[in-house]
Structures are given as C-alpha cells and as structure tokens.
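Everything on this sheet refers to the single structure shown next.
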Amino acid sequence: MSSSSSSSGGGGKALRGSNSDPDAAADATRSFEAISESYEELFAADEVGEKAPCYLPHIIIMSGGLDEEAQYHPHISAAEVCSADGEDAAAASRVGVKALPSNGSEKEDSNDEEVAAEFSTIRLSAESDEDVSEPFLEVPLSQSGSSGGTSGYVAGSGSSPASVSSVSGLEEIGDAIAENGCRDDHNLQAANWIPGKRHPDEDDASPSWRGHKKHFLILSNAGKPIYSRYGDENRLAGFSATIQAIMSFVQNSGDCIQSIRAGNHQIVFLVKGPIFLVSICATEEPIQALQRQLELLHGQLLLLLTKAVDKCFEKNSKFDMRPLLGGTDVVFSSLVHAFNWNFTTFLHAYTCLPLPYTARQAAGAALQDVADSGVLFALLMCGSKVISIVGPRKASLHPDDFLLLSNFVSSSDSFRRTETFSPICLPCYNPTAFLYAYVQYLEADTCLVLITTKSDGFFHLKECRARIENILRDSCVLHEISSSILRGGLHVEDLVRIGADSQAVNDRTGKTSEQDGRFCFSGPVTQAMQKVSITGGPAGLWHFIYKSTYLNQYVASEYAAPLHTLAKQKRLFKTYQRLHASMHNESASFHKMQYRRDENYVLLSWRTSDFELYAAFDPLAEKNTAISVCNQICQWLRDLESEIFLLEPTAFGCQVFFHSATRILMLEHCLTLLFRELEVDQHSQLCIGNISYSYLPEV
Amino acid sequence: MATSLQQPLQLCMFDMTRGQQDGQELDKILFFYPLECPLPLQLSVIGLSEGLITFSRIFSSDAPCEVMEAERHSHIFYQCEPEIWMIMVVEKSKEAESSIRPRALQMVLKEVHGLFTMFYGSVRALLQNYPSEDVARSCLYAFFPDYISSEFMNGKKLKLPSVKESLTERGTVQSLSFDRHALLEAQSLVNLLKSWLGGGTIRHVLILYHNHLVSSSLPAGDTARLFVYALLRMTPSVIARSSAHSSSRLFSFKGYGSPAKTNAESMQNNNDESLNTPASSRDTSPVGQRGKPQVPRPLLQDAWSRDPDGFLSTDAWGAGARGGSAVIPSIWLQQSEERMQMVAYQHKALTLLMLLPTNASVGGVEGLSLLRQQLLEKAVQKIEKLELTLTREWGGTNSSHVPGYRYLYCDLNNKMSRSSPPAKVSTLSKDSLIALNSVRTEVDLEISRAERNDNGAGRDLEFCVRAHNNSWVAVRARDGHELYLVLERASDTLLLASEAVEKFNKRYCDGRFASD
C-alpha cells in the first residue's frame, strides 16, 4: 500500500476512525440516522441522477464495550473518491477517516466522476499506516489458538512440533522469503510476510522489478494500469501500454492472445471485457493454473466492485479505476499469496476444519435456524477452512466465491476487531449485484459471515449473530472448534500407527478413534505397509490431497518432515498444480490415473467419478506399496468422512458416500443386485432406514 | 489494423538487425509463406513477432519467446541463427487430434533450417557475402516452398503435423539393429571406398537400406540432416515414384521469379549484379560459384533419378556453366564447416551416399567418371553382397514392430530413434494418441526446464498415465534417452503396465531406464 499523508478528507464532513476515539464514535452514532436516510440502492443511482451519488453503508461497531453505540462508516462517496483531491480522500480513508456524504452538493466536473458516481468504493477501515504491521507480525510462531493470525487459521498443534501447519502464518512468511529473492533462507523467525504492496518504488526500468518471480498486472483496455503486484502503478503506465498494445494488436486480427512461453518465463493473458489481466512468472506453474489465478483475481475485483465497472468503461474508455480500489491492495496481495499455499486456488473445492460430526451438525443447525429469516448464506469459517455453510436450497456457495470471500475477510484486519457490515459481490453467484455481508469474529479465528440481499439488514443480522453465537457457546461447538484447531489436520504418520495398532490384515471394519488428540485409524494394513517407513508416513508417504467430487471439498494432510522447509512445501504445491493440470487436460479427455517419478517425488494421482487423490511419496518409494497406501488413504478418509467433510444434510439424515475402491468393489455387486431386484432407475437413490444410497453406474 | 489471418499455415523468416528505420521495414522480411500473402499482412505478422520477442526479452533475456498461444492460432518461434528468426503460425482446429505439441512444430522449423543450411550455408553468411540480400532471399524462396509442398501438401490440401506423429521424433535417424556380421560387411565396404585414389578422396560414406540407416561416418547432426534429405528424395521407393514422371527441367532463378517478385520488387534491384559481386573468402554457398544466377532446388519433386548403371543423377542443382551436364550436387557440413560434393549409388534397396571434398584431386566431371568406373569395377560385388545380407536379415517393413507395444525410443545424444512402424501406429485409437500427445507436451516442458536449470545433469523421469480410454501411456527419460510407449490393453493395472514397460526396457533398450 502506498503510504500517503493523512488529511481530513476530500470533501464533506469527516468522521473519526473506528478504534481510537470514543467521542468520534459517539459522533458517528449521531450521524447514523442521517446516513441511512440518504442511502440509496446502489444501482438505482442511474435513475437517481448524476448529482445524487449513492452511498453504501459500512457499519463498524466496536466489539468491546460499545455494544449499542453503532459507529457508522459510510463508504467514501464516489464523488469524493474521484474528485480532484481524490488522493487525499483515499489517504484519509486509509487512516480510518470516513467522510460523510455531502448531500449531493459536491459538484462533479469530469466525465469520470459522473460515471464513478454509480459506485461506492469498498473501504477497509482502520488501515492506518501504523496499524498495518502490528497485527501481522504477531502471527507467525505462536501456536496457541488464541493469537490472531492474518490467515486466520492457526493449525499445527503442539502434538507434532515438526509439522508446520499448511495454512499458518509460517507459510506466508515463506512466501515473503521467496518473493524477496532469498529463497534459501530458512530462518523463519527472521522473515515477516507484510501484506499489501511491496517494492512500491520500483518500475519496469529497475532490474529488481524485472527479477521478481511472479508479476500480476491488471489494466484497462485503454492501457491504464489498475493493479500491479510489484511497483508503482503510475510508473508502470508505459509498461501497461506496451501490454495493451500487444493484446489489442492480436485482438484486432480477430484473435485473442492467451500465453507466451519464453525460457523459464510464462506470460499469461486474460481478457475480461474491458479489463485485461496479465501474469508474468518464472515459477514453473502450468498455464492452466495461471489462467485460473487470473480468473480469481478478476473475481476478487468483482467481489469488491461488481461487474458494473464494465459500464464505466463503456461510457468512458479512459476511465481510471484505481481510485475505486484504493486501500484494497491488501486484499489482492493476500489472494496472490494464497496462490502459493491454498489448494482451493486450483482444486475448485474448499476444505473443512476437522470436527466431530455432531459438532458440525450442531453448527449447521444453528446457521439453518437463521437461514429462513432473510439470510441468503450463513457461513461459519476458520480462516480459509469451512466449519459450516448454509445457503438456499437450489444454490450452494461456489468454492471460488468462498475463497474470495474468505480472502477478503481474512486479509483485512478491521474485520477482526469489529463487527462489520459491508457490501460484497459473489461473482459466481451473481456478478452484477451487491450483497451485504455481516462479519463478526466469534473467537480468535472463528468467523461468522451472514450474507443478505437487504442493504438495511444490519440490525437483523446482528440479532441473528447473537442467536447463533449463543447456540454455539451453549452447545460447546466453539470449544470443539478451538480444540480442533489445536489438534491440527490429518497427519500422514498416523497411517503408520495404524500399522502398529492393527494385526488383522483382512479386518475391514476400520474404526475411528482419537488418540493423543489426533485422528487415528485402526484398520486393515498390508504387509508391505508394515515393513516400510522410509521417511514421512508409510511407504514413504509425504503428503496427500483428497478431493470429493460430489461435495466439492478436499482434505489435505499437514506438512510434516521431510517437507518441513517452506521451499519444499512450495515446490510440492507447484508439483501438485502441474499434476492437477495434467489430470484435467482440456485437449485430452482427462486421465484416470497417473504415476510419476522424478528426482524429487514419486507422485500418484487417481481420478474417478467420485474423488480425486493426489499423493506424494519419497522418490525411492516402490510402486506397489505406494498403490496400497493410496488405497489405505481412501479407506481411512472414508471412515473419517463425517468429520473432515461438510456432508450436505438430506431428508433422511446423512448420506453415505462410498469412496474406498475396495468397498466399492464389495458393495457394487450387492447393490447392483439389489437395484435390479427393486427395479429402480439406475440414477435414483435408495433409502434404507435413515441411510440413502446412490447408485452410480460408473463406479 | 484490421487484418485477418485466414491461412492455416504461415511461415516466415526475418532478420531483426535489418529494417530498423521507419520506411525500411520490408527489408527485414527474408521469407514469407504463403507467397501470395499481401505485404501489410506480412509486416503485421512480423511486427507482432518482433514485438513479442522484444517484450519477452525484458524478463527472459537469454531465452526469448518460444511459443505464443492465442485462441485461434499458435505461433511457434525459432531463433535459427543469431537475430534471425523463423516464425510458424498454425491455425488451431477444433478437433483435438490435429493440435500437436509445440515442440514438434519447433522441430519442423529446426529441420527446415538445418536442411537449408546443408544446401546453401547459413542465412547470415548469405546475407553477409551478398550484401544486397537478394541472393539469400532467392535461395529461401527457392527452397522453402519445396519443403512445404513436400512435407505438408497432400495434393493441394495443406496437411499439418498432427498427433499421429506423436510416435516419431523429427531430426533423428531411424535405425535398425542389424547383426554384427552385416555391420562388419558394411564397414569393410566403407573402408574400401575411403581407401581409393590415395585415400581421403571419398571423405564420408552413408549407407541406407530402404528407409533405415545402416552406417554413417558423419557426425550425428550432419548424418541426421542428410538422412532426412535422402528419405525425402533418394530412397528407392521415392526414386521409383519419380521415375514414373518425366523429368526435364532447367531451374534458373529467373524462371522461378514469381515469389520474389511479389515480395517487394523494389528491393530486388539487380539480381545479376549482386550475384556477380565477388564472394568473400568464406563462401559457403553454391550460388556464387557459377557466374550464373542459378539457385539449386534440391527438394524439388522428382529431383533425383536413377541411371542405368546404378548411379543417381540430378539436375536440381542446375545446369552446368557451359550449359552441358548438370552441376554436381554439393552439401555443406555444419560440423566440419566444409562443402562436399555428393555422389550417390543405388543397388536395389541399398543406397550409398559418398561425399568428396569440393577441392578433391578427382574433382570435376572427369574425376567423378573415374570414380564411377572404379566403383563399378571394384565395389559392386561387395555392395551386392551387403544388400543380400541385409535383405536376408531384414524382416520387412514391419520388422521394427514389437507385438503389444507402440513405441518410440530416441537417443537424442546420437540423434537416433527407433519406433513402431507407421502402419502399426495408425491402429492406435484417437484417444490414445491425444493422451500421448498431451503427456509428451508435459515431458517436453520438464526436459527443457531441466536442460535450462540443471548443470548438465540429465533428468530422470518416469510417467505412467492411464488415459480416459483405459490405455496406458508410459514415458521414461534419462540422460538424453527417451522412451514412449502406448499400451492399449484395457484390463492392465498400473503394476502390470509398469512391468510391461520394464520388460520392453530390458529387451529393447538394454535396460537403460531400469529404475534400480
């Protein structure tokens, strides 16, 4: 984020920011009514006319003490943002100063401003320069669930000291290390991941800027820079113009440029209406993954502004979008950062916090309770992990929407401190309209998000939150959540323990038990598994990802030795990306199974209509043991399914998914006979008691 | 600029050091196909390519643009000589089987440039030796269309490389493993030929049997290029086809002026004058040797014919200076950097290519007739015997077939490859070929990445992929050796498939890829 001096705002009356001055807060309360009266539906602005800019409310209520004293944070009016001294307004907003609407008295002169009047910017409050570093620095090494982390989720419990949690702050530090060009530095304590823009003083003439491994650029089709991961957008105007020239040149010939490969570098282009997105990187990621990252970046842009920006470009091709995005550098930088560690970014699936089935059911019930009262989506999440989601029957929350929303929420520190009501857009749900999200952290990392279509739903959602919070506290769900955070996720070495525990090779009745606070599995073990443990888990298993196709959810094991360094974790992440891209090749209809060996890993991936499994082994691992371990993983996860996945509730209770290949083989025959006997349609479900079976002919 | 790229294939060569001033842009275009393409479109394609190269150099100065993918076209870049670029623009088709991996297309560019250099010397040398660039252009305009029509034209339709070629490797020599006895015989024949006329007159000998190389004394690169050429124009089957057509042509540069004319007549000021300027000391081109504007067209259809005495003759290098006998064909060897005259002899399925230095004591028409006579007198018996031995050993066109496998094995260090016969490869289902193509695309990337980043150490890779149609695609790569296998036995498990690969490896690749 570019630093700029604070001023008292571009126009109108300014309010003090959220968390320092109680008087100002009271002030804000007083002005609250006035604002809600002047508030207009966002896209009604067209009818309202140019002189009546609309305002979006951004309510922030002090979570401690000032319970009933709502402090109102309207978005900066578009007029102010785009006015001649818009820079000052933006700067003011960053230091927590929120401007009052000036009752439409601001005279707007330029074309840009008129167009921009349709918008209200999303301002992340309380991002004063002095605030920026403070909360982020305390994240990293404190493993206690109570400390506030940027990414929200502090996993990796004390029970496995060697393990570095996949989603903890440590990863983010690792990114910073790599990004800063000192990749071999494994001194974790020494590095800090600083959100927001880095190297703001660089431009395309500086060798250091050229040397960054991964650039992201967003520009308008007129060549105006909108966002650059590194460097100052203003100084990159010439560079943007070059890119625009290339892209337009190809467009004029009736084609559309997609990618360039040059040595270790790949340049990927994406055209989204009037917005061009470009990634330039030397990170060995497959082009498909980079394209997807650009899609997500565009999605993040939509989440902030909706698709209506396109209209602005239609009206004025030289429209400057940057003021609308002022202060959101941190959102983009955290998303770009997620491209390095969050499997959701390429799997098209989200992951859940492991939780006992009953606890998750209770959480779901609590959310369901409010869902009927005008709440569109109710989410309980922990950083990037889902605890429960409840939505309308016919539309589920798209994993990408969840990723973008959770990134938006967790990247901004103000959500963490206060109760917030903010307009957002869920691009996969509806890219053209704003929804309104009520965000409140219930515990250190546990966050409740309630989404409504009503712009005035704040107080209702506040009540809903209180109700949900009470239920969750009373039913000890919050307690379960924090102990799950302490426990961490799945550990590959637990598959070894299974081997030690179990003698019965053919015993197929695996049971889940909790030992030492971790999920353990006692079940069948092959002899091959028992004898090997090279490094990591059984048969040299280092890591795995399992994605359930039906549920759109995945589960990944925690990183453990020998994947204890960040460089190794990043390398594996990129290897997974390539493997995933290969399994989902567009030109070839997808592959079913793949075995790969190189000097770094043995990789196995397996894709059926039910699930996808990606597993990484020691490069010396043997094929047959690796295969049997993969079978074990599938079986293990099937047994844990109700705890690691959010199973969609059905009318009959729980739906059982048979994932393990061995079980399928066993059951397929019986079920086929049964279905034939019952003369049911092959695609229908069979309900016996409170369990429903689906017949899947492909299996 | 509203230009539309309608052609399924565009191929061009340009020099980035030329035409940097406004108004001189045409100067940089050395060659453009299709020949009738309007100049503005030519300039736009080259301008874009130049822009992309300059742009990608910002980030990757040592390895600029290789491939540009657009929605409807693939642009393949190849820097054939310093600052001289070849670009191939291929229209993408909706059918998955027609889009082949970029590396295969790049190999096409590499091959055509390699062949060009073999006949004419490097483009840069042509440009330097004849400062007004017409000579280089006329050579390019004479050679490239011939190559394109012989490689990509199926009748009048353009047929671009497709996934069907996934089990071939351009730029390598198809070898057959003959037994020791036959190879010794071949070697003794080579030694005999080389010993004649005081030794060293016949510098190199290449022996081919049908479409396979038996023996070569040339370095790998030159062998591969000459082999590709022999395959295109000199094998017994090609000669048999060409003798069916009549062949009496005279190829003068002027007679083939149409493409050059379309290409900026203004720049082609005076051909004869430029050709008459004395060549500089290191003349690699055959063009300047004669005082006449004649450009060899070695890739012309039916370039070679077989004389009754078994020697192959050609007039593709043009008629002699005195208008009499044809010019003796000559080629430029890249490794040793010298020009050689080529004499070819064919007996049934056996083809002998003999290379003599241009300054050999037996040079000229008289010297060669002496050589011919000697060969007919002293070596024919040996040649016939070798032919018999090879025929006995050779198992027919499907001799390289291994039942149950479709394979390609390449030794890229020696530019050799062995593969399933095309007839057998064509039995593979489309899905298998597409899967193979996509796996090869990835392997290409992995290997080129390793080549760039590693300190010379080769990459050790193993892939085993089960495709959508249940066939297995297996890849092994180690130290410049690559093995690609397709197994279409649906019921196999990964373990069985790997076992089959291992078996193949032990039996046909000397266990080179053994995993332990």
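We label chains A, B, ... in the order they appear in the structure tokens, count residues from 1 in each chain, and number ligands from 1 in the order shown.
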Counting only C-alpha atoms, what are the residues of chain A within 9 Å of chain B, and for each of them which pair of atoms is the nearest and at what distance in Å, to one decimal? Sort the table by chain and rising number, as JSON lines.
```
{"residue": "A:Asp204", "atom": "CA", "partner": "B:Ile58", "partner_atom": "CA", "distance": 8.6}
{"residue": "A:Arg210", "atom": "CA", "partner": "B:Phe59", "partner_atom": "CA", "distance": 5.8}
{"residue": "A:Gly211", "atom": "CA", "partner": "B:Phe59", "partner_atom": "CA", "distance": 7.2}
{"residue": "A:Thr242", "atom": "CA", "partner": "B:Phe55", "partner_atom": "CA", "distance": 8.2}
{"residue": "A:Ile243", "atom": "CA", "partner": "B:Phe55", "partner_atom": "CA", "distance": 8.5}
{"residue": "A:Ile246", "atom": "CA", "partner": "B:Leu48", "partner_atom": "CA", "distance": 7.4}
{"residue": "A:Phe249", "atom": "CA", "partner": "B:Met1", "partner_atom": "CA", "distance": 7.4}
{"residue": "A:Val250", "atom": "CA", "partner": "B:Leu48", "partner_atom": "CA", "distance": 8.1}
{"residue": "A:Asn252", "atom": "CA", "partner": "B:Ala2", "partner_atom": "CA", "distance": 5.5}
{"residue": "A:Ser253", "atom": "CA", "partner": "B:Ser4", "partner_atom": "CA", "distance": 4.9}
{"residue": "A:Gly254", "atom": "CA", "partner": "B:Ser4", "partner_atom": "CA", "distance": 6.2}
{"residue": "A:Asp255", "atom": "CA", "partner": "B:Arg72", "partner_atom": "CA", "distance": 6.0}
{"residue": "A:Cys256", "atom": "CA", "partner": "B:Glu71", "partner_atom": "CA", "distance": 5.2}
{"residue": "A:Ile257", "atom": "CA", "partner": "B:Ala70", "partner_atom": "CA", "distance": 4.1}
{"residue": "A:Gln258", "atom": "CA", "partner": "B:Ala70", "partner_atom": "CA", "distance": 4.8}
{"residue": "A:Ser259", "atom": "CA", "partner": "B:Glu69", "partner_atom": "CA", "distance": 5.2}
{"residue": "A:Ile260", "atom": "CA", "partner": "B:Met68", "partner_atom": "CA", "distance": 4.3}
{"residue": "A:Arg261", "atom": "CA", "partner": "B:Val67", "partner_atom": "CA", "distance": 5.2}
{"residue": "A:Ala262", "atom": "CA", "partner": "B:Cys65", "partner_atom": "CA", "distance": 4.2}
{"residue": "A:Gly263", "atom": "CA", "partner": "B:Ala63", "partner_atom": "CA", "distance": 4.7}
{"residue": "A:Asn264", "atom": "CA", "partner": "B:Arg449", "partner_atom": "CA", "distance": 6.9}
{"residue": "A:His265", "atom": "CA", "partner": "B:Ser60", "partner_atom": "CA", "distance": 6.5}
{"residue": "A:Ile267", "atom": "CA", "partner": "B:Ser56", "partner_atom": "CA", "distance": 8.3}
{"residue": "A:Ile280", "atom": "CA", "partner": "B:Phe59", "partner_atom": "CA", "distance": 8.4}
{"residue": "A:Cys281", "atom": "CA", "partner": "B:Phe59", "partner_atom": "CA", "distance": 8.9}
{"residue": "A:Glu284", "atom": "CA", "partner": "B:Arg449", "partner_atom": "CA", "distance": 8.5}
{"residue": "A:Arg578", "atom": "CA", "partner": "B:Glu442", "partner_atom": "CA", "distance": 8.9}
{"residue": "A:Ser582", "atom": "CA", "partner": "B:Val439", "partner_atom": "CA", "distance": 7.8}
{"residue": "A:Asn585", "atom": "CA", "partner": "B:Ser438", "partner_atom": "CA", "distance": 7.6}
{"residue": "A:Ser587", "atom": "CA", "partner": "B:Ala96", "partner_atom": "CA", "distance": 5.6}
{"residue": "A:Ala588", "atom": "CA", "partner": "B:Ala435", "partner_atom": "CA", "distance": 5.5}
{"residue": "A:Ser589", "atom": "CA", "partner": "B:His468", "partner_atom": "CA", "distance": 6.1}
{"residue": "A:Phe590", "atom": "CA", "partner": "B:His468", "partner_atom": "CA", "distance": 5.8}
{"residue": "A:His591", "atom": "CA", "partner": "B:Ala467", "partner_atom": "CA", "distance": 4.4}
{"residue": "A:Lys592", "atom": "CA", "partner": "B:Arg466", "partner_atom": "CA", "distance": 5.3}
{"residue": "A:Met593", "atom": "CA", "partner": "B:Arg466", "partner_atom": "CA", "distance": 4.9}
{"residue": "A:Gln594", "atom": "CA", "partner": "B:Val465", "partner_atom": "CA", "distance": 4.3}
{"residue": "A:Tyr595", "atom": "CA", "partner": "B:Cys464", "partner_atom": "CA", "distance": 4.9}
{"residue": "A:Arg596", "atom": "CA", "partner": "B:Phe463", "partner_atom": "CA", "distance": 4.5}
{"residue": "A:Arg597", "atom": "CA", "partner": "B:Glu462", "partner_atom": "CA", "distance": 4.9}
{"residue": "A:Asp598", "atom": "CA", "partner": "B:Leu461", "partner_atom": "CA", "distance": 4.8}
{"residue": "A:Glu599", "atom": "CA", "partner": "B:Asp460", "partner_atom": "CA", "distance": 6.6}
{"residue": "A:Lys623", "atom": "CA", "partner": "B:Leu495", "partner_atom": "CA", "distance": 7.2}
{"residue": "A:Asn624", "atom": "CA", "partner": "B:Leu495", "partner_atom": "CA", "distance": 6.8}
{"residue": "A:Ile627", "atom": "CA", "partner": "B:Leu494", "partner_atom": "CA", "distance": 8.7}
```
Expected answer as a ChimeraX atom specification: strand (DSSP E) residues in stretch 16-224 of chain B: /B:29-33,67-70,73-81,84-91,153-154,157-158,173-174,204-209,212-216
Can those selected residues be exported to a file as a PDB file, in the first residue's frame so that it contains C-alpha atoms?
```
ATOM      1  CA  ILE B  29      11.477  -9.886 -44.262  1.00  0.00           C
ATOM      2  CA  LEU B  30      13.602 -12.653 -45.703  1.00  0.00           C
ATOM      3  CA  PHE B  31      10.884 -15.119 -46.490  1.00  0.00           C
ATOM      4  CA  PHE B  32       7.146 -15.350 -46.143  1.00  0.00           C
ATOM      5  CA  TYR B  33       4.756 -18.143 -46.888  1.00  0.00           C
ATOM      6  CA  VAL B  67       5.638 -20.110 -28.232  1.00  0.00           C
ATOM      7  CA  MET B  68       2.701 -17.756 -28.293  1.00  0.00           C
ATOM      8  CA  GLU B  69      -0.698 -19.304 -27.941  1.00  0.00           C
ATOM      9  CA  ALA B  70      -3.756 -17.403 -28.996  1.00  0.00           C
ATOM     10  CA  HIS B  73      -3.550 -19.683 -33.664  1.00  0.00           C
ATOM     11  CA  SER B  74      -0.295 -20.998 -32.290  1.00  0.00           C
ATOM     12  CA  HIS B  75       2.801 -19.005 -33.055  1.00  0.00           C
ATOM     13  CA  ILE B  76       5.989 -21.021 -32.905  1.00  0.00           C
ATOM     14  CA  PHE B  77       9.253 -19.121 -32.631  1.00  0.00           C
ATOM     15  CA  TYR B  78      12.684 -20.397 -33.518  1.00  0.00           C
ATOM     16  CA  GLN B  79      15.828 -18.331 -33.491  1.00  0.00           C
ATOM     17  CA  CYS B  80      17.668 -20.278 -36.161  1.00  0.00           C
ATOM     18  CA  GLU B  81      20.710 -18.020 -36.245  1.00  0.00           C
ATOM     19  CA  ILE B  84      17.401 -14.403 -37.468  1.00  0.00           C
ATOM     20  CA  TRP B  85      14.003 -15.747 -36.519  1.00  0.00           C
ATOM     21  CA  MET B  86      11.652 -18.218 -38.058  1.00  0.00           C
ATOM     22  CA  ILE B  87       8.001 -17.994 -37.132  1.00  0.00           C
ATOM     23  CA  MET B  88       5.352 -20.531 -37.862  1.00  0.00           C
ATOM     24  CA  VAL B  89       1.734 -19.558 -37.371  1.00  0.00           C
ATOM     25  CA  VAL B  90      -0.601 -22.515 -37.301  1.00  0.00           C
ATOM     26  CA  GLU B  91      -4.333 -22.245 -37.196  1.00  0.00           C
ATOM     27  CA  MET B 153       0.921 -30.746 -49.024  1.00  0.00           C
ATOM     28  CA  ASN B 154      -1.335 -33.616 -49.624  1.00  0.00           C
ATOM     29  CA  LYS B 157      -4.549 -29.510 -49.366  1.00  0.00           C
ATOM     30  CA  LEU B 158      -2.330 -28.399 -46.554  1.00  0.00           C
ATOM     31  CA  VAL B 173      17.699 -41.105 -37.777  1.00  0.00           C
ATOM     32  CA  GLN B 174      15.602 -44.244 -37.840  1.00  0.00           C
ATOM     33  CA  HIS B 204      32.391 -39.816 -45.850  1.00  0.00           C
ATOM     34  CA  VAL B 205      30.053 -42.649 -46.726  1.00  0.00           C
ATOM     35  CA  LEU B 206      26.444 -43.080 -45.713  1.00  0.00           C
ATOM     36  CA  ILE B 207      24.744 -46.406 -46.313  1.00  0.00           C
ATOM     37  CA  LEU B 208      20.982 -46.694 -46.241  1.00  0.00           C
ATOM     38  CA  TYR B 209      18.824 -49.723 -46.575  1.00  0.00           C
ATOM     39  CA  HIS B 212      16.914 -47.131 -42.469  1.00  0.00           C
ATOM     40  CA  LEU B 213      20.428 -46.066 -41.815  1.00  0.00           C
ATOM     41  CA  VAL B 214      22.995 -48.843 -41.840  1.00  0.00           C
ATOM     42  CA  SER B 215      26.195 -46.924 -41.405  1.00  0.00           C
ATOM     43  CA  SER B 216      27.480 -43.383 -41.434  1.00  0.00           C
TER      44      SER B 216
END
```
Nearby residues (only C-alpha atoms) at most 10 Å from A:Gln553, same-chain spacing under 2 positions excluded, as a ChimeraX atom specification: /A:344,347-352,386,399,546-551,555,611,644-647
Same residues, C-alpha atoms, output as a PDB file, in the first residue's frame:
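Written file, part_37.pdb:
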```pdb
ATOM      1  CA  THR A 344      -8.530 -24.233  -3.285  1.00  0.00           C
ATOM      2  CA  LEU A 347      -8.779 -27.590  -6.967  1.00  0.00           C
ATOM      3  CA  HIS A 348     -12.117 -25.808  -7.327  1.00  0.00           C
ATOM      4  CA  ALA A 349     -13.044 -27.068  -3.880  1.00  0.00           C
ATOM      5  CA  TYR A 350     -12.881 -25.872  -0.335  1.00  0.00           C
ATOM      6  CA  THR A 351     -11.661 -27.613   2.765  1.00  0.00           C
ATOM      7  CA  CYS A 352     -13.257 -28.033   6.157  1.00  0.00           C
ATOM      8  CA  VAL A 386     -15.165 -24.086   6.374  1.00  0.00           C
ATOM      9  CA  PRO A 399     -15.925 -22.766  -3.785  1.00  0.00           C
ATOM     10  CA  TYR A 546      -8.100 -35.952  -1.468  1.00  0.00           C
ATOM     11  CA  LYS A 547     -10.951 -34.228  -3.211  1.00  0.00           C
ATOM     12  CA  SER A 548     -14.501 -35.408  -3.086  1.00  0.00           C
ATOM     13  CA  THR A 549     -16.053 -34.532  -6.413  1.00  0.00           C
ATOM     14  CA  TYR A 550     -19.627 -34.602  -5.184  1.00  0.00           C
ATOM     15  CA  LEU A 551     -19.036 -32.490  -2.149  1.00  0.00           C
ATOM     16  CA  VAL A 555      -8.795 -32.557   2.547  1.00  0.00           C
ATOM     17  CA  PHE A 611     -12.966 -38.477  -5.974  1.00  0.00           C
ATOM     18  CA  ILE A 644     -13.457 -33.987   7.724  1.00  0.00           C
ATOM     19  CA  PHE A 645     -16.169 -33.033   5.277  1.00  0.00           C
ATOM     20  CA  LEU A 646     -19.277 -30.975   5.496  1.00  0.00           C
ATOM     21  CA  LEU A 647     -21.855 -33.510   4.426  1.00  0.00           C
TER      22      LEU A 647
END
```
Option closest in space to B:Thr201, from B:Pro161, B:Gly23, B:Gly367, B:Pro236 [counting only C-alpha atoms]: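 Result for the nearest residue to B:Thr201: B:Gly367.
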Non-local contacts of B:Glu384 (12 Å; only C-alpha atoms; under 6 positions in same chain excluded) as a list of chain:residue names: B:Glu185, B:Ala186, B:Leu189, B:Gly310, B:Tyr345, B:Gln346, B:His347, B:Lys348, B:Ala349, B:Leu350, B:Thr351, B:Leu352, B:Leu376, B:Lys378, B:Leu390, B:Thr391
Pick from A:Pro423, A:Gly364, A:Gly540, A:Pro354 nearest to A:Leu303, counting only C-alpha atoms: A:Pro423
